[in-house]
$ cat protein03.txt   # compact mmCIF, C-alpha atoms and all ligand atoms
# COMPACT_ATOMS: atom_id res chain seq x y z
CA MET A 1 247.17 138.27 275.91
CA LEU A 2 246.15 140.85 278.45
CA VAL A 3 248.11 141.93 281.51
CA LEU A 4 246.98 144.40 284.17
CA GLU A 5 249.52 145.47 286.76
CA GLN A 6 248.55 147.31 289.94
CA LEU A 7 245.93 149.22 288.04
CA ALA A 8 244.04 152.17 289.50
CA VAL A 9 241.31 154.15 287.72
CA ALA A 10 239.74 157.31 289.14
CA TYR A 11 236.85 159.59 288.30
CA GLY A 12 238.08 162.96 289.57
CA PRO A 13 239.09 162.48 293.20
CA HIS A 14 237.34 159.08 293.49
CA THR A 15 239.48 156.04 292.82
CA VAL A 16 237.00 153.35 291.82
CA VAL A 17 239.44 150.66 290.64
CA LYS A 18 242.30 149.97 293.04
CA ASP A 19 245.50 147.98 292.72
CA ILE A 20 244.23 145.38 290.28
CA SER A 21 246.61 142.87 288.75
CA LEU A 22 245.54 140.03 286.51
CA SER A 23 246.56 138.33 283.32
CA LEU A 24 244.96 136.29 280.56
CA SER A 25 247.06 134.34 278.12
CA LYS A 26 246.01 133.80 274.51
CA GLY A 27 242.68 132.00 274.26
CA GLN A 28 241.76 132.35 277.92
CA ILE A 29 238.36 133.70 278.98
CA GLY A 30 238.08 135.82 282.13
CA CYS A 31 234.93 137.08 283.84
CA LEU A 32 234.54 139.92 286.32
CA VAL A 33 231.78 139.65 288.91
CA GLY A 34 230.93 141.64 292.00
CA PRO A 35 228.20 143.78 293.51
CA SER A 36 226.79 146.76 291.65
CA GLY A 37 229.18 149.71 291.66
CA CYS A 38 232.31 147.67 292.49
CA GLY A 39 234.11 148.91 289.35
CA LYS A 40 233.68 146.09 286.82
CA THR A 41 232.58 148.27 283.91
CA THR A 42 235.18 150.92 284.74
CA LEU A 43 237.89 148.26 284.58
CA LEU A 44 236.60 147.07 281.21
CA ARG A 45 236.41 150.66 279.90
CA ALA A 46 240.01 151.22 281.01
CA ILE A 47 241.09 148.11 279.08
CA ALA A 48 239.17 149.40 276.05
CA GLY A 49 241.00 152.75 276.31
CA PHE A 50 237.91 154.82 277.16
CA GLU A 51 239.21 155.70 280.63
CA PRO A 52 242.77 156.79 281.48
CA VAL A 53 244.52 154.98 284.30
CA ALA A 54 245.75 156.77 287.42
CA GLN A 55 248.36 154.16 288.36
CA GLY A 56 249.74 150.89 287.09
CA GLN A 57 249.55 149.72 283.52
CA ILE A 58 247.68 147.67 280.93
CA SER A 59 249.60 145.65 278.36
CA LEU A 60 248.49 143.85 275.24
CA SER A 61 250.88 141.86 273.03
CA GLN A 62 251.80 145.13 271.24
CA GLY A 63 253.15 146.46 274.57
CA VAL A 64 251.90 148.90 277.22
CA VAL A 65 248.69 150.60 276.05
CA SER A 66 247.71 152.42 279.27
CA ALA A 67 249.78 153.84 282.09
CA SER A 68 249.80 157.06 284.05
CA GLY A 69 250.19 159.73 281.34
CA LEU A 70 249.82 157.18 278.50
CA LEU A 71 246.55 156.35 276.75
CA CYS A 72 246.75 154.51 273.46
CA PRO A 73 243.40 155.28 271.75
CA PRO A 74 240.76 152.51 271.56
CA GLU A 75 241.02 152.09 267.78
CA GLN A 76 244.73 151.27 268.03
CA ARG A 77 244.23 148.49 270.59
CA ARG A 78 242.86 145.83 268.23
CA LEU A 79 240.03 144.98 270.59
CA GLY A 80 236.59 143.63 269.84
CA MET A 81 233.65 144.80 271.92
CA VAL A 82 230.20 143.50 272.72
CA PHE A 83 228.88 146.14 275.07
CA GLN A 84 225.33 146.56 276.37
CA ASP A 85 225.01 149.82 274.47
CA PHE A 86 227.02 148.73 271.45
CA ALA A 87 224.09 148.07 269.13
CA LEU A 88 224.12 146.50 265.69
CA PHE A 89 223.51 148.79 262.73
CA PRO A 90 219.78 148.60 261.93
CA HIS A 91 220.12 149.87 258.35
CA LEU A 92 222.58 147.11 257.41
CA THR A 93 221.90 143.41 256.82
CA VAL A 94 223.36 140.71 259.05
CA ALA A 95 226.14 140.08 256.51
CA GLN A 96 226.91 143.80 256.21
CA ASN A 97 227.03 144.10 260.00
CA ILE A 98 229.50 141.24 260.30
CA GLY A 99 231.51 142.60 257.36
CA PHE A 100 231.74 146.07 258.89
CA GLY A 101 235.19 145.50 260.38
CA LEU A 102 236.42 143.57 257.34
CA ARG A 103 236.59 146.40 254.83
CA HIS A 104 240.38 146.04 254.66
CA LEU A 105 239.94 142.54 253.17
CA SER A 106 239.23 141.70 249.52
CA ARG A 107 235.56 141.11 248.71
CA ASN A 108 236.14 137.37 248.44
CA ALA A 109 238.03 137.10 251.71
CA SER A 110 235.40 139.20 253.48
CA GLN A 111 232.53 137.08 252.11
CA GLN A 112 234.31 133.92 253.17
CA ARG A 113 234.91 135.17 256.70
CA ILE A 114 231.24 136.27 256.97
CA ARG A 115 230.07 132.80 255.86
CA GLU A 116 232.47 131.15 258.30
CA LEU A 117 231.20 133.28 261.20
CA LEU A 118 227.53 132.77 260.36
CA GLN A 119 228.22 129.04 260.41
CA LEU A 120 230.12 129.36 263.68
CA VAL A 121 227.34 131.25 265.45
CA GLY A 122 224.79 128.79 264.08
CA LEU A 123 222.88 131.19 261.82
CA PRO A 124 224.05 130.33 258.30
CA ASP A 125 220.77 131.27 256.61
CA LEU A 126 220.27 134.76 258.03
CA ALA A 127 222.86 136.72 256.02
CA ARG A 128 220.28 138.88 254.22
CA ARG A 129 218.04 139.63 257.18
CA TYR A 130 217.88 143.04 258.82
CA ILE A 131 218.51 143.34 262.54
CA HIS A 132 214.87 143.97 263.51
CA GLN A 133 214.03 140.62 261.89
CA LEU A 134 216.14 138.74 264.48
CA SER A 135 215.34 137.51 267.99
CA GLY A 136 217.30 138.90 270.95
CA GLY A 137 219.48 135.78 271.13
CA GLN A 138 220.15 135.91 267.37
CA GLN A 139 221.11 139.58 267.64
CA GLN A 140 223.65 138.77 270.35
CA ARG A 141 225.15 136.01 268.20
CA ILE A 142 225.49 138.47 265.31
CA ALA A 143 226.96 141.12 267.63
CA LEU A 144 229.53 138.53 268.69
CA ALA A 145 230.22 137.55 265.07
CA ARG A 146 230.73 141.21 264.16
CA ALA A 147 233.07 141.77 267.10
CA ILE A 148 235.28 138.75 266.41
CA ALA A 149 235.22 138.99 262.59
CA PRO A 150 238.46 141.06 262.35
CA LYS A 151 240.17 138.62 264.78
CA PRO A 152 240.79 141.14 267.56
CA GLU A 153 243.51 140.43 270.05
CA VAL A 154 241.13 140.61 273.01
CA LEU A 155 237.34 140.62 273.09
CA LEU A 156 235.59 142.71 275.75
CA LEU A 157 232.03 141.79 276.71
CA ASP A 158 229.92 143.90 279.07
CA GLU A 159 226.80 142.07 280.26
CA PRO A 160 226.18 140.76 276.74
CA PHE A 161 223.26 138.57 277.75
CA SER A 162 221.54 140.81 280.28
CA SER A 163 218.48 141.46 278.10
CA LEU A 164 217.85 137.74 277.50
CA ASP A 165 215.86 135.32 279.64
CA ALA A 166 217.72 133.00 282.02
CA GLU A 167 217.46 129.79 279.98
CA LEU A 168 218.64 131.44 276.78
CA ARG A 169 221.45 133.17 278.67
CA GLU A 170 222.87 129.87 279.84
CA SER A 171 222.74 128.15 276.45
CA LEU A 172 224.16 131.22 274.72
CA ALA A 173 226.97 131.48 277.26
CA ARG A 174 227.84 127.82 276.57
CA ASP A 175 227.78 128.34 272.80
CA ILE A 176 229.78 131.54 272.98
CA ARG A 177 232.44 129.87 275.07
CA GLN A 178 232.77 127.20 272.38
CA ILE A 179 232.95 129.82 269.63
CA LEU A 180 235.63 131.79 271.47
CA LYS A 181 237.62 128.62 272.13
CA HIS A 182 237.32 127.66 268.45
CA GLU A 183 238.70 131.08 267.50
CA GLN A 184 241.33 130.91 270.30
CA MET A 185 240.09 134.34 271.32
CA THR A 186 241.23 135.96 274.54
CA ALA A 187 238.17 137.52 276.17
CA ILE A 188 237.12 139.33 279.31
CA MET A 189 233.48 139.69 280.28
CA VAL A 190 231.58 141.60 282.93
CA THR A 191 228.48 139.90 284.26
CA HIS A 192 226.05 140.08 287.15
CA ASP A 193 225.32 136.41 286.85
CA GLN A 194 227.82 134.10 288.53
CA PHE A 195 226.39 131.01 286.80
CA GLU A 196 227.04 132.69 283.47
CA ALA A 197 230.60 133.31 284.69
CA PHE A 198 230.91 129.65 285.74
CA THR A 199 229.74 128.57 282.27
CA MET A 200 231.96 130.95 280.32
CA ALA A 201 235.14 131.54 282.25
CA ASP A 202 238.51 129.94 282.66
CA LEU A 203 239.26 132.52 285.36
CA ILE A 204 236.84 134.63 287.39
CA GLY A 205 237.63 137.81 289.27
CA VAL A 206 235.47 138.76 292.25
CA MET A 207 235.62 142.51 292.90
CA GLU A 208 234.49 144.53 295.90
CA HIS A 209 234.83 148.31 296.33
CA GLY A 210 237.21 148.51 293.36
CA ARG A 211 239.55 145.79 294.63
CA MET A 212 240.06 142.30 293.32
CA GLN A 213 239.25 139.93 296.15
CA GLN A 214 240.14 136.77 294.23
CA TRP A 215 241.16 135.92 290.68
CA ALA A 216 240.90 132.18 290.26
CA THR A 217 239.30 129.28 288.41
CA PRO A 218 235.57 128.73 288.99
CA TYR A 219 236.43 125.57 290.97
CA GLU A 220 238.86 127.38 293.27
CA LEU A 221 236.46 130.27 293.83
CA TYR A 222 233.67 127.94 294.83
CA HIS A 223 235.71 125.50 296.89
CA LYS A 224 238.51 127.72 298.21
CA PRO A 225 237.18 131.25 298.57
CA VAL A 226 239.98 133.35 300.08
CA ASN A 227 237.75 135.31 302.41
CA ARG A 228 234.20 135.61 303.73
CA PHE A 229 233.22 138.11 301.07
CA VAL A 230 234.02 135.69 298.25
CA ALA A 231 232.47 132.78 300.15
CA ASP A 232 229.31 134.83 300.56
CA PHE A 233 229.21 136.19 297.03
CA ILE A 234 229.92 132.97 295.15
CA GLY A 235 227.49 130.09 295.43
CA ARG A 236 225.30 129.14 298.31
CA GLY A 237 226.52 128.02 301.68
CA VAL A 238 226.57 128.58 305.40
CA LEU A 239 229.24 129.18 307.98
CA LEU A 240 229.08 126.59 310.72
CA ALA A 241 230.56 127.26 314.15
CA GLY A 242 233.64 125.25 315.08
CA GLN A 243 236.50 125.22 317.53
CA MET A 244 240.15 124.37 316.91
CA LEU A 245 241.39 121.36 318.89
CA ASP A 246 244.89 122.17 317.63
CA ALA A 247 246.25 124.03 314.56
CA GLN A 248 244.75 121.46 312.18
CA GLN A 249 241.76 119.82 313.81
CA VAL A 250 238.36 121.49 313.93
CA LYS A 251 235.50 120.30 316.11
CA THR A 252 232.04 120.89 314.62
CA SER A 253 228.56 119.51 315.21
CA PHE A 254 229.41 116.91 312.54
CA GLY A 255 232.51 115.67 314.34
CA VAL A 256 236.20 116.47 314.09
CA PHE A 257 237.78 117.40 310.74
CA ARG A 258 241.23 118.37 309.55
CA GLN A 259 241.98 121.70 307.95
CA SER A 260 245.18 122.70 306.18
CA TYR A 261 243.92 125.83 304.50
CA GLN A 262 244.03 128.55 307.12
CA PRO A 263 247.46 129.09 308.72
CA GLY A 264 247.96 130.60 312.15
CA LEU A 265 245.03 129.00 313.95
CA GLN A 266 245.62 127.70 317.45
CA GLN A 267 244.01 125.41 319.96
CA GLY A 268 240.83 126.95 321.36
CA ASP A 269 240.29 129.43 318.50
CA GLN A 270 236.65 129.89 317.53
CA VAL A 271 236.18 129.49 313.79
CA ASP A 272 233.52 129.31 311.09
CA VAL A 273 233.59 126.47 308.61
CA LEU A 274 232.22 127.03 305.11
CA ILE A 275 229.69 124.35 304.22
CA ARG A 276 228.28 124.15 300.68
CA PRO A 277 225.03 122.29 299.93
CA ASP A 278 227.01 119.61 298.08
CA ASP A 279 229.23 119.04 301.15
CA ILE A 280 226.24 117.63 303.04
CA VAL A 281 225.24 114.17 301.94
CA HIS A 282 221.88 112.65 302.79
CA ASP A 283 222.62 109.32 304.54
CA ASP A 284 219.97 107.30 306.40
CA ASP A 285 222.71 105.41 308.27
CA SER A 286 224.32 108.53 309.68
CA GLY A 287 224.14 109.19 313.41
CA VAL A 288 223.71 112.91 312.72
CA THR A 289 220.15 113.93 311.93
CA ALA A 290 218.60 117.25 311.01
CA LYS A 291 215.11 118.61 310.58
CA VAL A 292 213.85 119.62 307.14
CA LEU A 293 212.94 123.32 307.34
CA GLU A 294 212.35 123.97 303.64
CA LYS A 295 212.78 122.14 300.37
CA SER A 296 213.18 123.36 296.83
CA PHE A 297 212.72 120.92 293.95
CA ARG A 298 215.41 121.33 291.28
CA GLY A 299 214.53 118.48 288.92
CA SER A 300 217.37 116.01 289.40
CA HIS A 301 218.03 117.31 292.94
CA ILE A 302 216.22 118.74 295.92
CA LEU A 303 217.84 121.55 297.87
CA TYR A 304 216.96 121.04 301.53
CA SER A 305 217.33 123.67 304.20
CA LEU A 306 218.03 121.78 307.43
CA GLU A 307 218.27 122.56 311.13
CA LEU A 308 220.87 120.70 313.15
CA LYS A 309 220.36 119.78 316.81
CA SER A 310 222.77 122.61 317.67
CA GLY A 311 220.33 125.05 316.04
CA ASP A 312 222.74 125.70 313.13
CA GLN A 313 221.20 125.66 309.68
CA VAL A 314 222.78 124.04 306.65
CA TYR A 315 221.79 123.23 303.07
CA CYS A 316 221.86 119.77 301.58
CA LEU A 317 221.67 118.99 297.88
CA ALA A 318 220.16 115.49 297.63
CA LEU A 319 219.13 113.41 294.64
CA SER A 320 215.46 114.15 294.09
CA HIS A 321 214.23 110.59 294.66
CA HIS A 322 215.17 111.19 298.31
CA ASN A 323 211.94 113.06 298.83
CA HIS A 324 211.30 114.08 302.45
CA ALA A 325 208.61 116.26 303.97
CA VAL A 326 209.14 119.54 305.78
CA GLY A 327 209.43 118.76 309.51
CA GLU A 328 210.89 115.27 308.95
CA MET A 329 214.24 114.29 310.54
CA ILE A 330 216.76 112.98 308.01
CA GLY A 331 220.23 111.49 308.37
CA ILE A 332 223.13 113.52 306.99
CA ARG A 333 226.88 113.44 307.00
CA LEU A 334 229.53 115.93 306.08
CA ASP A 335 231.57 114.91 303.03
CA LEU A 336 234.27 117.55 302.84
CA ASP A 337 237.02 117.17 300.30
CA HIS A 338 238.82 120.07 301.95
CA MET A 339 237.80 122.33 304.75
CA VAL A 340 237.56 126.12 304.40
CA VAL A 341 237.85 127.79 307.79
CA TYR A 342 237.74 131.46 308.76
CA PRO A 343 238.62 132.84 312.20
CA ARG A 344 235.35 133.86 313.92
CA LEU A 345 234.67 137.58 313.73
CA ALA A 346 234.19 139.45 316.99
CA VAL A 347 230.57 140.13 315.99
CA ALA A 348 228.12 137.27 315.43
CA SER A 349 229.07 135.15 312.40
CA GLN A 350 227.32 135.93 309.15
CA GLU A 351 225.58 133.47 306.95
CA PRO A 352 226.25 133.58 303.22
CA ALA A 353 223.10 133.70 301.07
N1 LIG B 401 231.53 158.52 284.52
C1 LIG B 401 231.58 158.41 285.84
N2 LIG B 401 231.87 159.48 286.62
C2 LIG B 401 231.96 159.36 287.95
N3 LIG B 401 231.74 158.21 288.64
C3 LIG B 401 231.45 157.11 287.92
C4 LIG B 401 231.33 157.15 286.49
N4 LIG B 401 231.02 155.91 286.05
C5 LIG B 401 230.93 155.13 287.16
N5 LIG B 401 231.18 155.86 288.27
C6 LIG B 401 231.21 155.35 289.65
O1 LIG B 401 232.28 154.42 289.74
C7 LIG B 401 231.93 153.30 290.54
C8 LIG B 401 232.09 152.02 289.74
O2 LIG B 401 231.13 152.02 288.69
P1 LIG B 401 231.07 150.85 287.61
O3 LIG B 401 230.04 151.23 286.59
O4 LIG B 401 232.43 150.56 287.12
O5 LIG B 401 230.56 149.63 288.51
P2 LIG B 401 230.00 148.21 288.08
O6 LIG B 401 230.63 147.23 288.98
O7 LIG B 401 230.16 148.01 286.61
O8 LIG B 401 228.46 148.38 288.45
P3 LIG B 401 227.16 147.68 287.83
O9 LIG B 401 227.29 146.23 288.17
O10 LIG B 401 226.06 148.35 288.56
O11 LIG B 401 227.18 147.95 286.36
C9 LIG B 401 230.51 153.55 291.01
O12 LIG B 401 230.57 154.10 292.29
C10 LIG B 401 229.97 154.57 290.01
O13 LIG B 401 229.01 155.40 290.62

$ encode --input "protein03.txt" --output "structure tokens" --more "lines below"
Ligand SMILES: Nc1ncnc2c1ncn2[C@@H]1O[C@H](COP(=O)(O)OP(=O)(O)OP(=O)(O)O)[C@@H](O)[C@H]1O
Amino acid sequence: MLVLEQLAVAYGPHTVVKDISLSLSKGQIGCLVGPSGCGKTTLLRAIAGFEPVAQGQISLSQGVVSASGLLCPPEQRRLGMVFQDFALFPHLTVAQNIGFGLRHLSRNASQQRIRELLQLVGLPDLARRYIHQLSGGQQQRIALARAIAPKPEVLLLDEPFSSLDAELRESLARDIRQILKHEQMTAIMVTHDQFEAFTMADLIGVMEHGRMQQWATPYELYHKPVNRFVADFIGRGVLLAGQMLDAQQVKTSFGVFRQSYQPGLQQGDQVDVLIRPDDIVHDDDSGVTAKVLEKSFRGSHILYSLELKSGDQVYCLALSHHNHAVGEMIGIRLDLDHMVVYPRLAVASQEPA
């Protein structure tokens, strides 16, 4: 388990991680995402014990390992690490690399664990290879095997797939999640790639300027982002203008909908409603039509960019046999399971990417 309580980390006078609290129970996988420079790596380095904390504390099952004035050294934290710059040993074979952290075991026990891990990462025949004889994806699997071999309490991963191409990244992220679940390993990973985080994580933290904006399941983050920043950062979507008819009912260009998510709204308030591409359903029978501005073929689906009569633009993810030309008018309806509404900012509303 891993528990962070009101954690702050500073470089000299600059506090770059502020008031962060989160916890992972045994076997849970967390991911940290956020724009460059928001403090993800610093947070991971503080958990590893490479950076002291200015305030708050970090606890592992052995107790508090970091607090103001307390820094348990990295080697006493029983952590595994797969860092960008944490390379495999080139002069050792695959088996010797994996066995590196197993020197406290008998030869037999070590050999058995190495075999088990090679099987687990899907490379049972590569034990005698040297690192330069492996592909990038194979190297990352071996780096993972080496890190989890001694059964660390928590595994830290910093952009472990960043050097791999997108397709390989996704399949590796899926495999690694399965491996970690098999080992019941608690893990926390930093990534730039939110789809990688969606694939890997039980819980995702979205950071901005050193603060945690939301720590939640991938589903919650996507469907119930707590603020505009998270709505903008996670997934694709637009904010559609609306007006409150009372505290619950919102009038939009698609009709009137109920919201129960945002307290404190009153009749007449101007709001923005978060609309994801999968909230807009293509429906020839709908009275609401929109013009196709752009289309992007995604195999099973087409992502349409549409202009409503009001001038608002929305996205629509339609099954790809509904193939319409740019400029065509198509019927659409809003199929919202729940409505995410933000009070309109004084300045013009922004549109998430
Ligand atoms: N050793 C250091 N000394 C001083 N400032 C640092 C140091 N390392 C990082 N910073 C600063 O701390 C802030 C957070 O950096 P950090 O590397 O944690 O961000 P990040 O979210 O991991 O970024 P990226 O996604 O680009 O890797 C940045 O403003 C960075 O310039």

$ residues_near_ligand --input "protein03.txt" --ligand "ligand LIG 401 (chain B)" --cutoff "6 Å" --atoms "only C-alpha atoms and all ligand atoms" --output "ChimeraX atom specification"
/A:11,16,35-42

$ closest_residue --input "protein03.txt" --among "A:Ser106, A:Gln266, A:Ser135, A:Gln62" --to "Val154 in chain A" --atoms "all atoms listed in the file"
A:Gln62

$ residues_near_point --input "protein03.txt" --point "(242.1, 129.8, 308.1)" --cutoff "12 Å" --atoms "only C-alpha atoms" --output "number ranges by chain"
A: 224-228, 242-244, 247-250, 258-266, 269-274, 338-344

$ closest_residue --input "protein03.txt" --among "A:Leu92, A:Val281, A:Gly287, A:Glu294" --to "Cys316 in chain A" --atoms "all atoms listed in the file"
A:Val281

$ residues_around --input "protein03.txt" --residues "His104 in chain A" --least-positions-apart "6" --cutoff "12 Å" --atoms "all atoms listed in the file" --output "ChimeraX atom specification"
/A:110,149-150

$ residues_around --input "protein03.txt" --residues "Ser320 in chain A" --least-positions-apart "5" --cutoff "6 Å" --atoms "all atoms listed in the file" --output "compact mmCIF listing (two decimals) with C-alpha atoms, in the frame of the given file"
# COMPACT_ATOMS: atom_id res chain seq x y z
CA SER A 300 217.37 116.01 289.40
CA HIS A 301 218.03 117.31 292.94
CA ILE A 302 216.22 118.74 295.92

$ residues_around --input "protein03.txt" --residues "Asp312 in chain A" --least-positions-apart "5" --cutoff "12 Å" --atoms "only C-alpha atoms" --output "list of chain:residue names"
A:Val238, A:Leu239, A:Leu240, A:Ala241, A:Gly242, A:Thr252, A:Ser253, A:Phe254, A:Asp272, A:Val273, A:Ile275, A:Ala290, A:Lys291, A:Leu293, A:Ser305, A:Leu306, A:Glu307, A:Ser349, A:Gln350, A:Glu351

$ atom_distance --input "protein03.txt" --atom1 "CA of Asp158 in chain A" --atom2 "CA of Val82 in chain A"
6.4 Å
